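Visitor: What follows is a single structure, and I will ask about it in a moment.
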Amino acid sequence: MNCSLVLLSGGLDSTVVLYYARSIHDQVHALSVNYGQRHERELMHAEHTCAATQVPHMVLDVSRLGPFLSSSLTQGDLPIPHDDYELSNITSTIVPNRNAILISIAVGVAISAGDMHLYLAIHSGDHDLYPDCRPDFMEAMQNAVDTGNLEKLALETPFLHMTKADIVRIGNDLGVPWKDTWSCYEGGELHCGQCATCRERREAFDIAGVCDPTSYAL
């Protein structure tokens, strides 16, 4: 059986990678992690997506970890940046070692389930901004998986060298329902339209030439 696990946040990128994995593999299931993120609303979208696509969905709660991670995404008293998606602006949104933590959890779940592939939605737009989204980090993680386990598990990053606009184009071709994805770091009722991730989302749709159905507060 050609089995795979998708690490699904409920965001645009990971939702597209879920649809992408479904187009390739016979059996797909998804794992979401509550690590204490302020934008917990994304987990609701992940649950809805999996229900709509009939993908088995697991949610792991490690939210007690959140207060120990120094980031505006986990600390409610720190403001979310409301400017362009640039390193000088979004440094506060870096969650220390986040991808290593989430990937390590997902690797254990995937191997225990007998999966051969673990899909991650990392893309080129994050390389300069987040150290744990760079190709050398992913190479090191694959090496750790290979040396730390008897079973073989491939870390699949199909978007690693693509832009977010590229991902929007792929998602559009796959029929991804964009309203079922969540990007905003504020986590309100609507996408705020002002935070860095909302700005990046808008720009990606614009560059891709795809209609953005997202409702923004501003």
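Going by the structure tokens order, chains are called A, B, ..., each with residues numbered from 1, while ligands are numbered from 1 in the order shown.
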Would you mind listing what lies within 10 Å of A:Ala106 as a list of chain:residue names, with only C-alpha atoms counted and same-chain residues fewer than 6 positions away left out?

Guide: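 Surrounding residues, per the criterion: A:Leu5, A:Val6, A:Leu7, A:Ala30, A:Leu31, A:Ser32, A:Val33, A:Leu60, A:Ala100, A:Ser112, A:Leu118, A:Tyr119, A:Leu120.
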
Visitor: Kindly save the residues from that selection, with N, CA and C atoms included, as a PDB file, in the first residue's frame.

Guide:
ATOM      1  N   LEU A   5       1.547  10.384   5.091  1.00  0.00           N
ATOM      2  CA  LEU A   5       1.015  11.263   6.128  1.00  0.00           C
ATOM      3  C   LEU A   5       1.323  12.694   5.726  1.00  0.00           C
ATOM      4  N   VAL A   6       0.351  13.585   5.904  1.00  0.00           N
ATOM      5  CA  VAL A   6       0.538  15.003   5.621  1.00  0.00           C
ATOM      6  C   VAL A   6       0.512  15.761   6.938  1.00  0.00           C
ATOM      7  N   LEU A   7       1.536  16.594   7.157  1.00  0.00           N
ATOM      8  CA  LEU A   7       1.534  17.491   8.312  1.00  0.00           C
ATOM      9  C   LEU A   7       0.703  18.703   7.915  1.00  0.00           C
ATOM     10  N   ALA A  30      -3.813  12.662   7.782  1.00  0.00           N
ATOM     11  CA  ALA A  30      -3.255  13.959   8.136  1.00  0.00           C
ATOM     12  C   ALA A  30      -3.069  14.089   9.640  1.00  0.00           C
ATOM     13  N   LEU A  31      -2.053  14.866   9.996  1.00  0.00           N
ATOM     14  CA  LEU A  31      -1.760  15.158  11.397  1.00  0.00           C
ATOM     15  C   LEU A  31      -1.667  16.666  11.574  1.00  0.00           C
ATOM     16  N   SER A  32      -2.411  17.192  12.532  1.00  0.00           N
ATOM     17  CA  SER A  32      -2.318  18.599  12.908  1.00  0.00           C
ATOM     18  C   SER A  32      -1.846  18.685  14.351  1.00  0.00           C
ATOM     19  N   VAL A  33      -1.122  19.742  14.667  1.00  0.00           N
ATOM     20  CA  VAL A  33      -0.557  19.884  16.006  1.00  0.00           C
ATOM     21  C   VAL A  33      -0.935  21.239  16.593  1.00  0.00           C
ATOM     22  N   LEU A  60      -2.978  16.489  17.581  1.00  0.00           N
ATOM     23  CA  LEU A  60      -2.179  16.280  18.778  1.00  0.00           C
ATOM     24  C   LEU A  60      -2.074  17.591  19.537  1.00  0.00           C
ATOM     25  N   ALA A 100      11.474  21.481  13.497  1.00  0.00           N
ATOM     26  CA  ALA A 100      12.133  20.289  14.038  1.00  0.00           C
ATOM     27  C   ALA A 100      11.211  19.572  15.013  1.00  0.00           C
ATOM     28  N   SER A 112       5.047   4.788  12.896  1.00  0.00           N
ATOM     29  CA  SER A 112       4.180   3.891  13.667  1.00  0.00           C
ATOM     30  C   SER A 112       2.987   3.423  12.847  1.00  0.00           C
ATOM     31  N   LEU A 118       6.197  11.306   4.288  1.00  0.00           N
ATOM     32  CA  LEU A 118       5.673  12.372   5.134  1.00  0.00           C
ATOM     33  C   LEU A 118       5.741  13.664   4.331  1.00  0.00           C
ATOM     34  N   TYR A 119       4.581  14.260   4.066  1.00  0.00           N
ATOM     35  CA  TYR A 119       4.517  15.459   3.233  1.00  0.00           C
ATOM     36  C   TYR A 119       4.529  16.729   4.078  1.00  0.00           C
ATOM     37  N   LEU A 120       5.391  17.663   3.653  1.00  0.00           N
ATOM     38  CA  LEU A 120       5.563  18.941   4.336  1.00  0.00           C
ATOM     39  C   LEU A 120       5.385  20.058   3.310  1.00  0.00           C
TER      40      LEU A 120
END

Visitor: Give the answer as one residue: which of A:Ser63, A:His29, A:Val17, A:Tyr35 has the shortest atom-to-atom distance to A:Ala51, using only C-alpha atoms?

Guide: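 For A:Ala51, the nearest of the candidates is A:His29.
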
Visitor: Assign secondary structure with DSSP using the backbone only, and return the residues of stretch 149-218 of chain A in helix (DSSP H, G or I) as an MDAnalysis selection string.

Guide: chainID A and resid 164:174 178:180 196:208

Visitor: When distances are computed from only C-alpha atoms, which of A:Glu40, A:Glu203, A:Asp212, A:Asp26 shows the smallest separation from A:Thr74?

Guide: A:Glu40

Visitor: Mind giving me the straight-line distance from atom CA of A:His191 to atom CA of A:Arg22 in Å, one decimal?

Guide: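 Computed distance, atom CA of A:His191 to atom CA of A:Arg22, equals 27.1 Å.
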
Visitor: Please list as a list in words every residue within 12 Å of A:Arg199, counting only C-alpha atoms and excluding residues in the same chain fewer than 5 positions away.

Guide: Pro81, His82, Asp83, Asp84, Tyr85, Glu86, Lys164, Ser183, Cys184, Tyr185, His191, Cys192, Gly193, Gln194, Ala204, Phe205, Asp206, Thr214, Tyr216 and Leu218 of chain A

Visitor: Could you dump the residues just selected with C-alpha atoms as an mmCIF file, in the first residue's frame?

Guide:
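Saved file part.cif follows:
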data_model
loop_
_atom_site.group_PDB
_atom_site.id
_atom_site.type_symbol
_atom_site.label_atom_id
_atom_site.label_comp_id
_atom_site.auth_asym_id
_atom_site.auth_seq_id
_atom_site.Cartn_x
_atom_site.Cartn_y
_atom_site.Cartn_z
ATOM 1 C CA PRO A 81 3.631 42.413 12.787
ATOM 2 C CA HIS A 82 1.373 44.329 10.412
ATOM 3 C CA ASP A 83 3.786 45.099 7.604
ATOM 4 C CA ASP A 84 5.288 43.351 4.605
ATOM 5 C CA TYR A 85 6.560 39.781 4.736
ATOM 6 C CA GLU A 86 10.241 40.606 5.251
ATOM 7 C CA LYS A 164 3.658 30.746 -2.854
ATOM 8 C CA SER A 183 -3.399 32.128 6.844
ATOM 9 C CA CYS A 184 -3.901 35.010 9.298
ATOM 10 C CA TYR A 185 -1.692 35.027 12.388
ATOM 11 C CA HIS A 191 -8.415 37.333 7.939
ATOM 12 C CA CYS A 192 -7.172 40.679 9.247
ATOM 13 C CA GLY A 193 -5.715 41.644 5.860
ATOM 14 C CA GLN A 194 -2.858 43.540 7.511
ATOM 15 C CA ALA A 204 0.338 35.149 -4.062
ATOM 16 C CA PHE A 205 -3.170 35.103 -5.523
ATOM 17 C CA ASP A 206 -2.460 38.307 -7.427
ATOM 18 C CA THR A 214 -10.831 35.324 1.080
ATOM 19 C CA TYR A 216 -10.462 40.261 4.794
ATOM 20 C CA LEU A 218 -9.315 45.378 5.958
#

Visitor: Between atom CA of A:Asp126 and atom CA of A:Glu156, measure the distance and give it in Å to one decimal.

Guide: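 Atom CA of A:Asp126 sits 16.5 Å away from atom CA of A:Glu156.
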
Visitor: Just checking: using only C-alpha atoms, which residue out of A:Thr53, A:Gln27, A:Thr197, A:Gln37 ends up closest to A:Leu73?

Guide: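 Looking only at the distances to A:Leu73, the closest residue turns out to be A:Gln37.
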
Visitor: Which of stretch 35-213 of chain A counts as strand (DSSP E) under DSSP, as a list in words please?

Guide: His57, Met58, Val59, Leu60, Asp61, His117, Leu118, Tyr119, Ala154, Leu155 and Glu156 of chain A

Visitor: Limited to C-alpha atoms, could you put the picked residues into a file as a compact mmCIF listing (two decimals), in the first residue's frame?

Guide:
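out-v2.txt written:
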# COMPACT_ATOMS: atom_id res chain seq x y z
CA HIS A 57 -7.34 13.32 10.70
CA MET A 58 -5.40 13.28 13.96
CA VAL A 59 -4.91 16.34 16.18
CA LEU A 60 -2.18 16.28 18.78
CA ASP A 61 -2.37 18.78 21.64
CA HIS A 117 6.11 9.28 2.95
CA LEU A 118 5.67 12.37 5.13
CA TYR A 119 4.52 15.46 3.23
CA ALA A 154 10.87 9.96 2.92
CA LEU A 155 10.34 13.60 3.87
CA GLU A 156 8.50 14.90 0.83

Visitor: Skipping near chain neighbours, those fewer than 4 positions away, what residues fall within 12 Å of A:His48 using only C-alpha atoms, listed as a list in words?

Guide: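 Residues meeting the cut-off are Leu8, Ser9, Gly10, Gly11, Thr15, Ala30, Arg41, Glu42, Leu43, Met44, Ala52, Thr53, Gln54, Val55, Pro56, His57, Pro177, Lys179, Asp180, Thr181 and Trp182 of chain A.
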
Visitor: Since we have the selection now, will you write its residues out, keeping all heavy atoms, as a short mmCIF file (atom, residue, chain, number, x, y, z; two decimals), in the first residue's frame?

Guide:
data_model
loop_
_atom_site.label_atom_id
_atom_site.label_comp_id
_atom_site.auth_asym_id
_atom_site.auth_seq_id
_atom_site.Cartn_x
_atom_site.Cartn_y
_atom_site.Cartn_z
N LEU A 8 -0.49 18.78 8.45
CA LEU A 8 -1.51 19.73 8.00
C LEU A 8 -1.78 20.79 9.06
O LEU A 8 -2.31 20.49 10.13
CB LEU A 8 -2.80 18.98 7.67
CG LEU A 8 -3.99 19.82 7.19
CD1 LEU A 8 -3.72 20.41 5.81
CD2 LEU A 8 -5.26 18.96 7.17
N SER A 9 -1.43 22.03 8.75
CA SER A 9 -1.70 23.12 9.69
C SER A 9 -3.11 23.66 9.51
O SER A 9 -3.70 24.20 10.45
CB SER A 9 -0.70 24.26 9.48
OG SER A 9 -0.92 24.90 8.23
N GLY A 10 -3.64 23.55 8.29
CA GLY A 10 -4.89 24.20 7.95
C GLY A 10 -4.67 25.45 7.13
O GLY A 10 -5.61 26.11 6.69
N GLY A 11 -3.39 25.79 6.91
CA GLY A 11 -3.05 26.93 6.10
C GLY A 11 -3.11 26.62 4.62
O GLY A 11 -3.33 25.48 4.21
N THR A 15 -2.65 22.77 2.97
CA THR A 15 -3.88 22.25 2.36
C THR A 15 -3.63 21.84 0.92
O THR A 15 -4.10 20.79 0.46
CB THR A 15 -5.01 23.29 2.44
OG1 THR A 15 -5.24 23.65 3.81
CG2 THR A 15 -6.30 22.73 1.86
N ALA A 30 -3.81 12.66 7.78
CA ALA A 30 -3.26 13.96 8.14
C ALA A 30 -3.07 14.09 9.64
O ALA A 30 -3.82 13.52 10.44
CB ALA A 30 -4.17 15.07 7.63
N ARG A 41 -7.26 28.97 15.06
CA ARG A 41 -8.37 28.85 14.12
C ARG A 41 -8.00 28.00 12.91
O ARG A 41 -8.86 27.36 12.30
CB ARG A 41 -8.80 30.24 13.67
CG ARG A 41 -10.12 30.28 12.94
CD ARG A 41 -10.54 31.72 12.65
NE ARG A 41 -11.91 31.76 12.16
CZ ARG A 41 -12.98 31.78 12.93
NH1 ARG A 41 -12.82 31.75 14.24
NH2 ARG A 41 -14.19 31.82 12.42
N GLU A 42 -6.70 27.96 12.57
CA GLU A 42 -6.27 27.16 11.43
C GLU A 42 -6.58 25.68 11.63
O GLU A 42 -6.83 24.96 10.67
CB GLU A 42 -4.77 27.35 11.18
CG GLU A 42 -3.87 26.82 12.28
CD GLU A 42 -2.38 27.01 11.98
OE1 GLU A 42 -2.06 27.62 10.94
OE2 GLU A 42 -1.56 26.57 12.79
N LEU A 43 -6.61 25.23 12.88
CA LEU A 43 -6.89 23.82 13.16
C LEU A 43 -8.34 23.47 12.81
O LEU A 43 -8.64 22.35 12.40
CB LEU A 43 -6.61 23.50 14.63
CG LEU A 43 -5.15 23.69 15.07
CD1 LEU A 43 -5.01 23.44 16.57
CD2 LEU A 43 -4.22 22.76 14.29
N MET A 44 -9.24 24.44 12.97
CA MET A 44 -10.64 24.23 12.59
C MET A 44 -10.74 24.02 11.08
O MET A 44 -11.51 23.19 10.59
CB MET A 44 -11.49 25.43 13.01
CG MET A 44 -11.55 25.68 14.50
SD MET A 44 -12.26 27.31 14.90
CE MET A 44 -13.78 27.26 13.96
N ALA A 52 -14.17 17.08 4.61
CA ALA A 52 -14.68 17.25 3.25
C ALA A 52 -14.01 16.30 2.27
O ALA A 52 -14.63 15.88 1.28
CB ALA A 52 -14.47 18.70 2.79
N THR A 53 -12.75 15.95 2.52
CA THR A 53 -12.01 15.08 1.61
C THR A 53 -11.97 13.63 2.10
O THR A 53 -11.36 12.79 1.46
CB THR A 53 -10.56 15.59 1.43
OG1 THR A 53 -9.94 15.71 2.71
CG2 THR A 53 -10.54 16.94 0.72
N GLN A 54 -12.60 13.38 3.24
CA GLN A 54 -12.63 12.04 3.84
C GLN A 54 -11.21 11.51 4.11
O GLN A 54 -10.93 10.32 3.92
CB GLN A 54 -13.42 11.07 2.95
CG GLN A 54 -14.88 11.45 2.79
CD GLN A 54 -15.68 10.45 1.98
OE1 GLN A 54 -15.20 9.90 1.00
NE2 GLN A 54 -16.91 10.16 2.42
N VAL A 55 -10.37 12.40 4.57
CA VAL A 55 -9.02 12.03 4.96
C VAL A 55 -8.99 11.86 6.47
O VAL A 55 -9.37 12.77 7.20
CB VAL A 55 -8.01 13.13 4.54
CG1 VAL A 55 -6.64 12.88 5.17
CG2 VAL A 55 -7.88 13.19 3.03
N PRO A 56 -8.57 10.70 6.97
CA PRO A 56 -8.46 10.51 8.42
C PRO A 56 -7.56 11.57 9.04
O PRO A 56 -6.48 11.86 8.51
CB PRO A 56 -7.86 9.11 8.55
CG PRO A 56 -8.23 8.42 7.28
CD PRO A 56 -8.20 9.48 6.22
N HIS A 57 -8.01 12.16 10.13
CA HIS A 57 -7.34 13.32 10.70
C HIS A 57 -7.05 13.12 12.18
O HIS A 57 -7.94 12.77 12.96
CB HIS A 57 -8.22 14.56 10.51
CG HIS A 57 -7.60 15.84 10.93
ND1 HIS A 57 -8.32 16.86 11.52
CD2 HIS A 57 -6.31 16.28 10.84
CE1 HIS A 57 -7.51 17.88 11.77
NE2 HIS A 57 -6.29 17.55 11.37
N PRO A 177 -10.49 24.25 -2.30
CA PRO A 177 -11.45 25.30 -1.90
C PRO A 177 -10.75 26.30 -0.98
O PRO A 177 -10.58 26.05 0.21
CB PRO A 177 -12.55 24.51 -1.18
CG PRO A 177 -11.86 23.28 -0.66
CD PRO A 177 -10.74 22.98 -1.60
N LYS A 179 -11.49 28.96 0.52
CA LYS A 179 -12.18 29.46 1.72
C LYS A 179 -11.97 28.52 2.91
O LYS A 179 -12.21 28.92 4.06
CB LYS A 179 -13.67 29.63 1.43
CG LYS A 179 -13.98 30.80 0.50
CD LYS A 179 -15.47 30.99 0.34
CE LYS A 179 -15.77 32.20 -0.54
NZ LYS A 179 -17.23 32.42 -0.71
N ASP A 180 -11.54 27.30 2.64
CA ASP A 180 -11.31 26.34 3.72
C ASP A 180 -9.87 26.39 4.23
O ASP A 180 -9.46 25.51 5.00
CB ASP A 180 -11.62 24.92 3.24
CG ASP A 180 -13.09 24.70 2.95
OD1 ASP A 180 -13.91 25.52 3.44
OD2 ASP A 180 -13.44 23.74 2.24
N THR A 181 -9.10 27.40 3.81
CA THR A 181 -7.72 27.54 4.28
C THR A 181 -7.59 28.80 5.12
O THR A 181 -8.31 29.79 4.91
CB THR A 181 -6.73 27.61 3.10
OG1 THR A 181 -6.93 28.82 2.36
CG2 THR A 181 -6.92 26.42 2.17
N TRP A 182 -6.67 28.78 6.05
CA TRP A 182 -6.49 29.91 6.97
C TRP A 182 -5.02 30.33 7.00
O TRP A 182 -4.15 29.48 7.19
CB TRP A 182 -6.95 29.54 8.37
CG TRP A 182 -6.90 30.71 9.30
CD1 TRP A 182 -5.90 31.05 10.17
CD2 TRP A 182 -7.90 31.72 9.44
NE1 TRP A 182 -6.20 32.21 10.83
CE2 TRP A 182 -7.43 32.66 10.40
CE3 TRP A 182 -9.14 31.95 8.82
CZ2 TRP A 182 -8.16 33.78 10.77
CZ3 TRP A 182 -9.87 33.07 9.20
CH2 TRP A 182 -9.39 33.96 10.16
#

Visitor: In Å, how far is it from atom CA of A:Leu153 to atom CA of A:Asn2?

Guide: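 Between atom CA of A:Leu153 and atom CA of A:Asn2 the gap works out to 12.0 Å.
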
Visitor: Using only C-alpha atoms, which of A:Pro158, A:Gly114, A:Gly125, A:Gly76 sits nearest A:His39?

Guide: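 Looking at the shortest contact to A:His39, the residue is A:Gly76.
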
Visitor: Taking only C-alpha atoms into account, name the residue in A:Cys3, A:Ala165, A:Asp136, A:Asp173 that is nearest to A:Ile207.

Guide: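 Answer, going by the shortest atom-to-atom distance: A:Ala165.
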
Visitor: Taking 5 positions as the minimum chain separation for residues in the same chain, which residues sit within 10 Å of A:Gly108 when counting only C-alpha atoms? Answer as a list in words.

Guide: Ile103, Ala113, Val145 and Asn149 of chain A

Visitor: Go ahead and dump the residues you just picked, all heavy atoms, as a PDB file, in the first residue's frame.

Guide:
ATOM      1  N   ILE A 103       8.097  18.169  12.862  1.00  0.00           N
ATOM      2  CA  ILE A 103       8.507  17.068  11.985  1.00  0.00           C
ATOM      3  C   ILE A 103       8.860  15.834  12.797  1.00  0.00           C
ATOM      4  O   ILE A 103       8.505  14.704  12.424  1.00  0.00           O
ATOM      5  CB  ILE A 103       9.687  17.494  11.091  1.00  0.00           C
ATOM      6  CG1 ILE A 103       9.228  18.558  10.091  1.00  0.00           C
ATOM      7  CG2 ILE A 103      10.266  16.293  10.344  1.00  0.00           C
ATOM      8  CD1 ILE A 103      10.358  19.200   9.304  1.00  0.00           C
ATOM      9  N   ALA A 113       2.533   4.266  11.915  1.00  0.00           N
ATOM     10  CA  ALA A 113       1.386   3.919  11.073  1.00  0.00           C
ATOM     11  C   ALA A 113       1.794   3.129   9.836  1.00  0.00           C
ATOM     12  O   ALA A 113       0.943   2.704   9.058  1.00  0.00           O
ATOM     13  CB  ALA A 113       0.657   5.193  10.648  1.00  0.00           C
ATOM     14  N   VAL A 145      16.288  11.324  10.239  1.00  0.00           N
ATOM     15  CA  VAL A 145      15.268  10.275  10.121  1.00  0.00           C
ATOM     16  C   VAL A 145      15.912   8.956   9.692  1.00  0.00           C
ATOM     17  O   VAL A 145      15.614   7.884  10.234  1.00  0.00           O
ATOM     18  CB  VAL A 145      14.176  10.691   9.112  1.00  0.00           C
ATOM     19  CG1 VAL A 145      13.228   9.520   8.833  1.00  0.00           C
ATOM     20  CG2 VAL A 145      13.396  11.885   9.637  1.00  0.00           C
ATOM     21  N   ASN A 149      16.154   5.755  12.727  1.00  0.00           N
ATOM     22  CA  ASN A 149      15.058   4.787  12.646  1.00  0.00           C
ATOM     23  C   ASN A 149      15.452   3.597  11.791  1.00  0.00           C
ATOM     24  O   ASN A 149      16.237   3.721  10.846  1.00  0.00           O
ATOM     25  CB  ASN A 149      13.815   5.451  12.033  1.00  0.00           C
ATOM     26  CG  ASN A 149      13.283   6.589  12.870  1.00  0.00           C
ATOM     27  OD1 ASN A 149      12.549   6.378  13.829  1.00  0.00           O
ATOM     28  ND2 ASN A 149      13.648   7.815  12.512  1.00  0.00           N
TER      29      ASN A 149
END

Visitor: Which is closer to A:Val62 than all the others in A:Ser104, A:Ser23, A:Thr147, A:Asn34, using only C-alpha atoms?

Guide: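 Nearest to A:Val62: A:Asn34.
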